[in-house]
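run11.csv follows (CSV, C-alpha atoms):
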```csv
chain,number,residue,atom,x,y,z
A,1,SER,CA,1.8,-15.6,-71.6
A,2,ASP,CA,3.7,-18.8,-70.8
A,3,SER,CA,5.1,-19.0,-74.3
A,4,GLU,CA,6.4,-15.4,-74.0
A,5,ILE,CA,8.0,-16.2,-70.7
A,6,LYS,CA,9.9,-19.1,-72.3
A,7,LYS,CA,11.4,-16.8,-74.8
A,8,GLY,CA,13.3,-15.1,-72.0
A,9,LEU,CA,13.3,-11.5,-70.7
A,10,ALA,CA,12.2,-8.7,-73.0
A,11,PRO,CA,15.0,-6.2,-73.8
A,12,SER,CA,12.9,-3.5,-72.1
A,13,LEU,CA,12.7,-5.5,-68.9
A,14,LYS,CA,16.4,-6.1,-68.9
A,15,GLU,CA,16.8,-2.3,-69.3
A,16,ALA,CA,14.4,-1.7,-66.3
A,17,ILE,CA,16.4,-4.1,-64.1
A,18,ARG,CA,19.7,-2.3,-65.0
A,19,ALA,CA,18.0,1.0,-64.2
A,20,PHE,CA,17.0,-0.4,-60.8
A,21,ILE,CA,20.6,-1.5,-60.1
A,22,ILE,CA,21.8,2.0,-61.1
A,23,SER,CA,19.2,3.6,-59.0
A,24,ASN,CA,20.2,1.5,-56.0
A,25,SER,CA,23.9,2.4,-56.5
A,26,LEU,CA,23.1,6.1,-56.7
A,27,ARG,CA,21.0,6.0,-53.6
A,28,ASP,CA,23.8,4.3,-51.7
A,29,PHE,CA,26.2,6.9,-53.1
A,30,ARG,CA,23.9,9.6,-51.7
A,31,GLY,CA,23.8,8.0,-48.2
A,32,ASP,CA,20.7,5.8,-48.4
A,33,LYS,CA,22.5,2.4,-47.8
A,34,ARG,CA,20.1,1.4,-45.0
A,35,GLU,CA,16.9,2.5,-46.7
A,36,HIS,CA,14.5,0.1,-48.5
A,37,LYS,CA,14.7,0.0,-52.3
A,38,THR,CA,12.0,-1.6,-54.4
A,39,MET,CA,11.3,-2.4,-58.1
A,40,MET,CA,7.9,-3.6,-59.1
A,41,ILE,CA,7.1,-5.9,-62.1
A,42,ASN,CA,3.4,-6.3,-63.0
A,43,ILE,CA,2.9,-8.1,-66.3
A,44,SER,CA,0.3,-10.8,-65.6
A,45,HIS,CA,-2.3,-11.8,-63.0
A,46,PHE,CA,-1.4,-15.5,-63.5
A,47,ALA,CA,0.7,-16.8,-60.6
A,48,PHE,CA,2.6,-19.4,-62.7
A,49,CYS,CA,3.7,-16.6,-65.1
A,50,GLN,CA,4.9,-14.5,-62.1
A,51,ASN,CA,6.8,-17.4,-60.6
A,52,SER,CA,8.4,-18.4,-64.0
A,53,LEU,CA,9.4,-14.8,-64.5
A,54,SER,CA,11.0,-14.5,-61.1
A,55,ILE,CA,13.4,-17.3,-62.0
A,56,LEU,CA,14.4,-15.5,-65.2
A,57,VAL,CA,14.8,-12.2,-63.5
A,58,ASP,CA,16.9,-13.9,-60.7
A,59,ASP,CA,19.1,-15.5,-63.4
A,60,TYR,CA,19.6,-12.3,-65.2
A,61,LEU,CA,20.5,-10.5,-62.0
A,62,LYS,CA,23.0,-13.2,-61.1
A,63,GLU,CA,24.6,-12.9,-64.6
A,64,ILE,CA,25.0,-9.1,-64.0
A,65,LYS,CA,26.4,-9.6,-60.4
A,66,ASN,CA,28.9,-12.2,-61.5
A,67,SER,CA,30.1,-10.0,-64.4
A,68,ILE,CA,30.5,-7.0,-62.2
A,69,GLU,CA,32.3,-8.9,-59.5
A,70,ASN,CA,34.8,-10.3,-62.0
A,71,ILE,CA,35.8,-6.8,-63.3
A,72,ILE,CA,34.9,-4.1,-60.9
A,73,GLY,CA,38.3,-3.9,-59.2
A,74,ASP,CA,40.1,-3.5,-62.6
A,75,LYS,CA,39.6,0.2,-63.1
A,76,LYS,CA,41.7,0.1,-66.3
A,77,ASN,CA,39.6,-2.4,-68.1
A,78,ARG,CA,36.1,-2.4,-66.5
A,79,LEU,CA,34.6,-0.1,-69.1
A,80,ASN,CA,35.4,-2.8,-71.7
A,81,ASN,CA,33.2,-5.3,-69.9
A,82,SER,CA,29.9,-5.9,-71.7
A,83,SER,CA,27.7,-5.8,-68.6
A,84,ILE,CA,29.4,-2.5,-67.5
A,85,GLN,CA,28.9,-1.1,-71.0
A,86,LYS,CA,25.2,-2.0,-70.9
A,87,LEU,CA,24.8,-0.4,-67.5
A,88,GLU,CA,26.6,2.7,-68.8
A,89,LYS,CA,24.2,2.8,-71.9
A,90,THR,CA,21.2,2.5,-69.5
A,91,PHE,CA,22.6,5.3,-67.3
A,92,LYS,CA,23.1,7.7,-70.2
A,93,ALA,CA,19.7,6.9,-71.8
A,94,ASN,CA,17.6,7.1,-68.6
A,95,PHE,CA,19.2,9.3,-66.0
A,96,ASP,CA,19.7,13.0,-65.8
A,97,VAL,CA,21.5,13.4,-62.5
A,98,LYS,CA,24.4,15.3,-61.1
A,99,GLU,CA,26.4,12.1,-60.5
A,100,SER,CA,28.7,10.6,-63.2
A,101,PHE,CA,28.8,6.9,-64.3
A,102,GLU,CA,32.1,6.6,-62.3
A,103,ASP,CA,30.0,7.5,-59.2
A,104,VAL,CA,27.6,4.7,-60.1
A,105,LEU,CA,30.4,2.3,-60.3
A,106,GLU,CA,31.6,3.2,-56.8
A,107,ASN,CA,28.8,1.2,-55.2
A,108,ILE,CA,27.4,-0.9,-58.0
A,109,TRP,CA,28.6,-4.3,-56.9
A,110,ALA,CA,27.6,-3.9,-53.3
A,111,SER,CA,24.3,-2.5,-54.3
A,112,ALA,CA,23.6,-5.2,-56.8
A,113,THR,CA,24.5,-8.1,-54.5
A,114,LYS,CA,21.8,-7.0,-52.0
A,115,ILE,CA,18.9,-7.3,-54.4
A,116,LYS,CA,16.5,-10.1,-53.8
A,117,VAL,CA,13.8,-11.3,-56.2
A,118,LEU,CA,10.4,-12.0,-54.7
A,119,ALA,CA,7.2,-13.4,-56.4
A,120,ILE,CA,4.3,-12.3,-54.4
A,121,ASN,CA,1.1,-14.3,-55.0
A,122,THR,CA,-1.1,-17.0,-53.5
A,123,LYS,CA,1.0,-19.8,-55.0
A,124,SER,CA,4.4,-18.5,-53.7
A,125,GLN,CA,5.8,-19.0,-50.2
A,126,GLN,CA,7.7,-15.8,-50.4
A,127,VAL,CA,6.6,-12.8,-48.3
A,128,LEU,CA,7.3,-9.1,-48.6
A,129,ASP,CA,8.0,-7.9,-45.0
A,130,TYR,CA,10.2,-4.8,-44.8
A,131,ASP,CA,10.3,-5.1,-41.0
A,132,MET,CA,12.5,-8.2,-41.3
A,133,TYR,CA,15.3,-6.0,-42.8
A,134,PRO,CA,16.3,-3.3,-40.3
A,135,ASP,CA,19.3,-2.4,-42.5
A,136,GLY,CA,17.1,-2.0,-45.6
A,137,LEU,CA,15.6,-4.4,-48.1
A,138,SER,CA,16.5,-4.2,-51.8
A,139,THR,CA,14.1,-6.2,-53.8
A,140,ILE,CA,12.5,-6.8,-57.2
A,141,VAL,CA,8.9,-7.6,-56.5
A,142,ILE,CA,6.9,-9.6,-59.1
A,143,GLY,CA,3.2,-9.9,-58.9
A,144,GLY,CA,-0.2,-9.1,-60.2
A,145,LEU,CA,-3.4,-8.7,-58.1
A,146,LYS,CA,-1.6,-8.4,-54.8
A,147,LEU,CA,0.5,-5.5,-56.2
A,148,SER,CA,-2.6,-3.9,-57.7
A,149,ARG,CA,-4.5,-3.6,-54.5
A,150,GLY,CA,-2.8,-1.4,-52.1
A,151,LEU,CA,0.3,-3.4,-51.0
A,152,THR,CA,2.8,-0.8,-49.8
A,153,LEU,CA,6.1,-0.9,-51.7
A,154,SER,CA,8.6,0.9,-49.6
A,155,GLY,CA,11.3,2.9,-51.5
A,156,LEU,CA,9.8,2.2,-54.9
A,157,SER,CA,12.0,3.6,-57.6
A,158,VAL,CA,11.4,1.5,-60.7
A,159,SER,CA,8.1,0.1,-62.1
A,160,TYR,CA,7.7,-2.2,-65.0
A,161,PHE,CA,4.1,-2.4,-66.0
A,162,ALA,CA,2.8,-4.4,-69.0
A,163,ARG,CA,-0.8,-5.2,-68.4
A,164,SER,CA,-3.6,-4.5,-70.9
A,165,SER,CA,-6.4,-2.2,-69.9
A,166,LYS,CA,-8.1,0.7,-71.7
A,167,ALA,CA,-9.7,1.9,-68.5
A,168,TYR,CA,-7.8,4.9,-67.1
A,169,ASP,CA,-8.9,4.2,-63.5
A,170,VAL,CA,-7.9,0.5,-63.7
A,171,LEU,CA,-4.5,1.5,-65.0
A,172,MET,CA,-4.1,4.0,-62.2
A,173,GLN,CA,-5.0,1.3,-59.7
A,174,MET,CA,-2.7,-1.3,-61.1
A,175,CYS,CA,0.3,0.9,-61.7
A,176,ARG,CA,2.4,2.6,-59.1
A,177,TRP,CA,3.0,6.3,-59.7
A,178,PHE,CA,5.7,8.4,-58.0
A,179,GLY,CA,5.1,11.4,-55.9
A,180,TYR,CA,8.0,13.3,-54.3
A,181,ARG,CA,10.6,11.1,-52.8
A,182,GLU,CA,13.3,12.9,-50.8
A,183,ASN,CA,16.8,12.2,-52.0
A,184,TYR,CA,15.7,10.0,-54.9
A,185,ASP,CA,12.8,11.6,-56.8
A,186,ASP,CA,15.1,12.1,-59.8
A,187,LEU,CA,15.8,8.3,-59.9
A,188,CYS,CA,12.2,7.1,-60.2
A,189,LYS,CA,11.4,5.4,-63.5
A,190,VAL,CA,8.3,3.8,-65.1
A,191,PHE,CA,8.6,1.4,-68.0
A,192,MET,CA,5.5,0.5,-69.9
A,193,PRO,CA,4.3,-0.2,-73.5
A,194,SER,CA,3.5,2.9,-75.6
A,195,GLN,CA,-0.1,1.6,-75.9
A,196,SER,CA,-0.6,1.7,-72.1
A,197,LEU,CA,1.0,5.1,-72.0
A,198,GLU,CA,-1.5,6.4,-74.6
A,199,TRP,CA,-4.4,4.9,-72.6
```
Show the structure stored in the file as structure tokens.
Amino acid sequence: SDSEIKKGLAPSLKEAIRAFIISNSLRDFRGDKREHKTMMINISHFAFCQNSLSILVDDYLKEIKNSIENIIGDKKNRLNNSSIQKLEKTFKANFDVKESFEDVLENIWASATKIKVLAINTKSQQVLDYDMYPDGLSTIVIGGLKLSRGLTLSGLSVSYFARSSKAYDVLMQMCRWFGYRENYDDLCKVFMPSQSLEW
């Protein structure tokens, strides 16, 4: 709701955004620098909520980018930086991969700076067109109905889904589930409330 949006980003959404940054960095580390990378946020069918949320997500992303930029070259002290510490905590909690957190840090600033935030709805002028980015688009896509009805999300690796529905088939339609993804199947994450998981 609008009142919830005004409170700021939920800790779980911040965690999902950090997971997407880490996923992008690891994909770049594995040689996918020119591949599309997408995160989906689907929490409301109201366009004004999606547009308000896109501003908050963009602000949080800028906060992380600035923090990383200021410390990433200082190998001695960068693990003392609060943003780096949160990223490391997210990495340890959500990723079981062969790479280390030091490998994540190798590309993290370059990977994070490429990410664009797009609100995709009838009241937004923003468009999702992967063809406009021959060197790969990294994006956090925020939407509702348009994301629920067959829009292709290329390189989808993180989904944040918080919509209420008891109907299994509706949940399956609104959510994005991951099949096999060559080179990054182990990086795909879904964040959702426990109630939706039970449904």
As an exercise, work out the distance from atom CA of A:Gln195 to atom CA of A:Ser23 in Å and give it to one decimal place.
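About the pair atom CA of A:Gln195 and atom CA of A:Ser23: they are 25.7 Å apart.
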Taking 5 positions as the minimum chain separation for residues in the same chain, which residues sit within 10 Å of A:Arg34 when counting only C-alpha atoms? Answer as a list in words.
Arg27, Asp28, Tyr133, Pro134, Asp135, Gly136, Leu137 and Ser138 of chain A
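You will find atom CA of A:Ala93 at 28.8 Å from atom CA of A:Ser52.
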So what do you get for atom CA of A:Ala162 versus atom CA of A:Met40, distance-wise?
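These two atoms are separated by 11.2 Å.
Distance check against A:Pro11 using all atoms listed in the file: of A:Asn66, A:Asn121, A:Thr90, A:Asn51, the minimum falls on A:Thr90.
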Closest atom pairs, residues of stretch 70-140 of chain A within 12 Å of stretch 42-46 of chain A, all atoms listed in the file, as a tab-separated table:
```
residue	atom	partner	partner_atom	distance
A:Ala119	CA	A:Asn42	CA	10.4
A:Ile120	CA	A:Asn42	CA	10.5
A:Asn121	CA	A:Phe46	CA	8.9
A:Thr122	CA	A:Phe46	CA	10.1
A:Lys123	CA	A:Phe46	CA	9.8
A:Ser124	CA	A:Phe46	CA	11.8
A:Ile140	CA	A:Asn42	CA	10.8
```
With distances taken over all atoms listed in the file, which residue among A:Val104, A:Cys49, A:Cys188, A:Ile41 lies nearest A:Lys92?
A:Val104
Of the candidates A:Glu102, A:Glu198, A:Asp32, A:Asp129, which one gets nearest to A:Lys75 if we count only C-alpha atoms?
A:Glu102
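Distances here use all atoms listed in the file; by that measure, the residue among A:Ser194, A:Thr139, A:Ile22, A:Asn183 closest to A:Asn94 is A:Ile22.
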Closest to A:Asn81 among A:Ser25, A:Ser67, A:Gln125, A:Ser100, using all atoms listed in the file?
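Counting all atoms listed in the file, the residue closest to A:Asn81 is A:Ser67.
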Which of these residues is nearest to A:Asp185, using all atoms listed in the file: A:Leu128, A:Ile115, A:Ile108, A:Val97?
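For A:Asp185, the nearest of the given residues is A:Val97.
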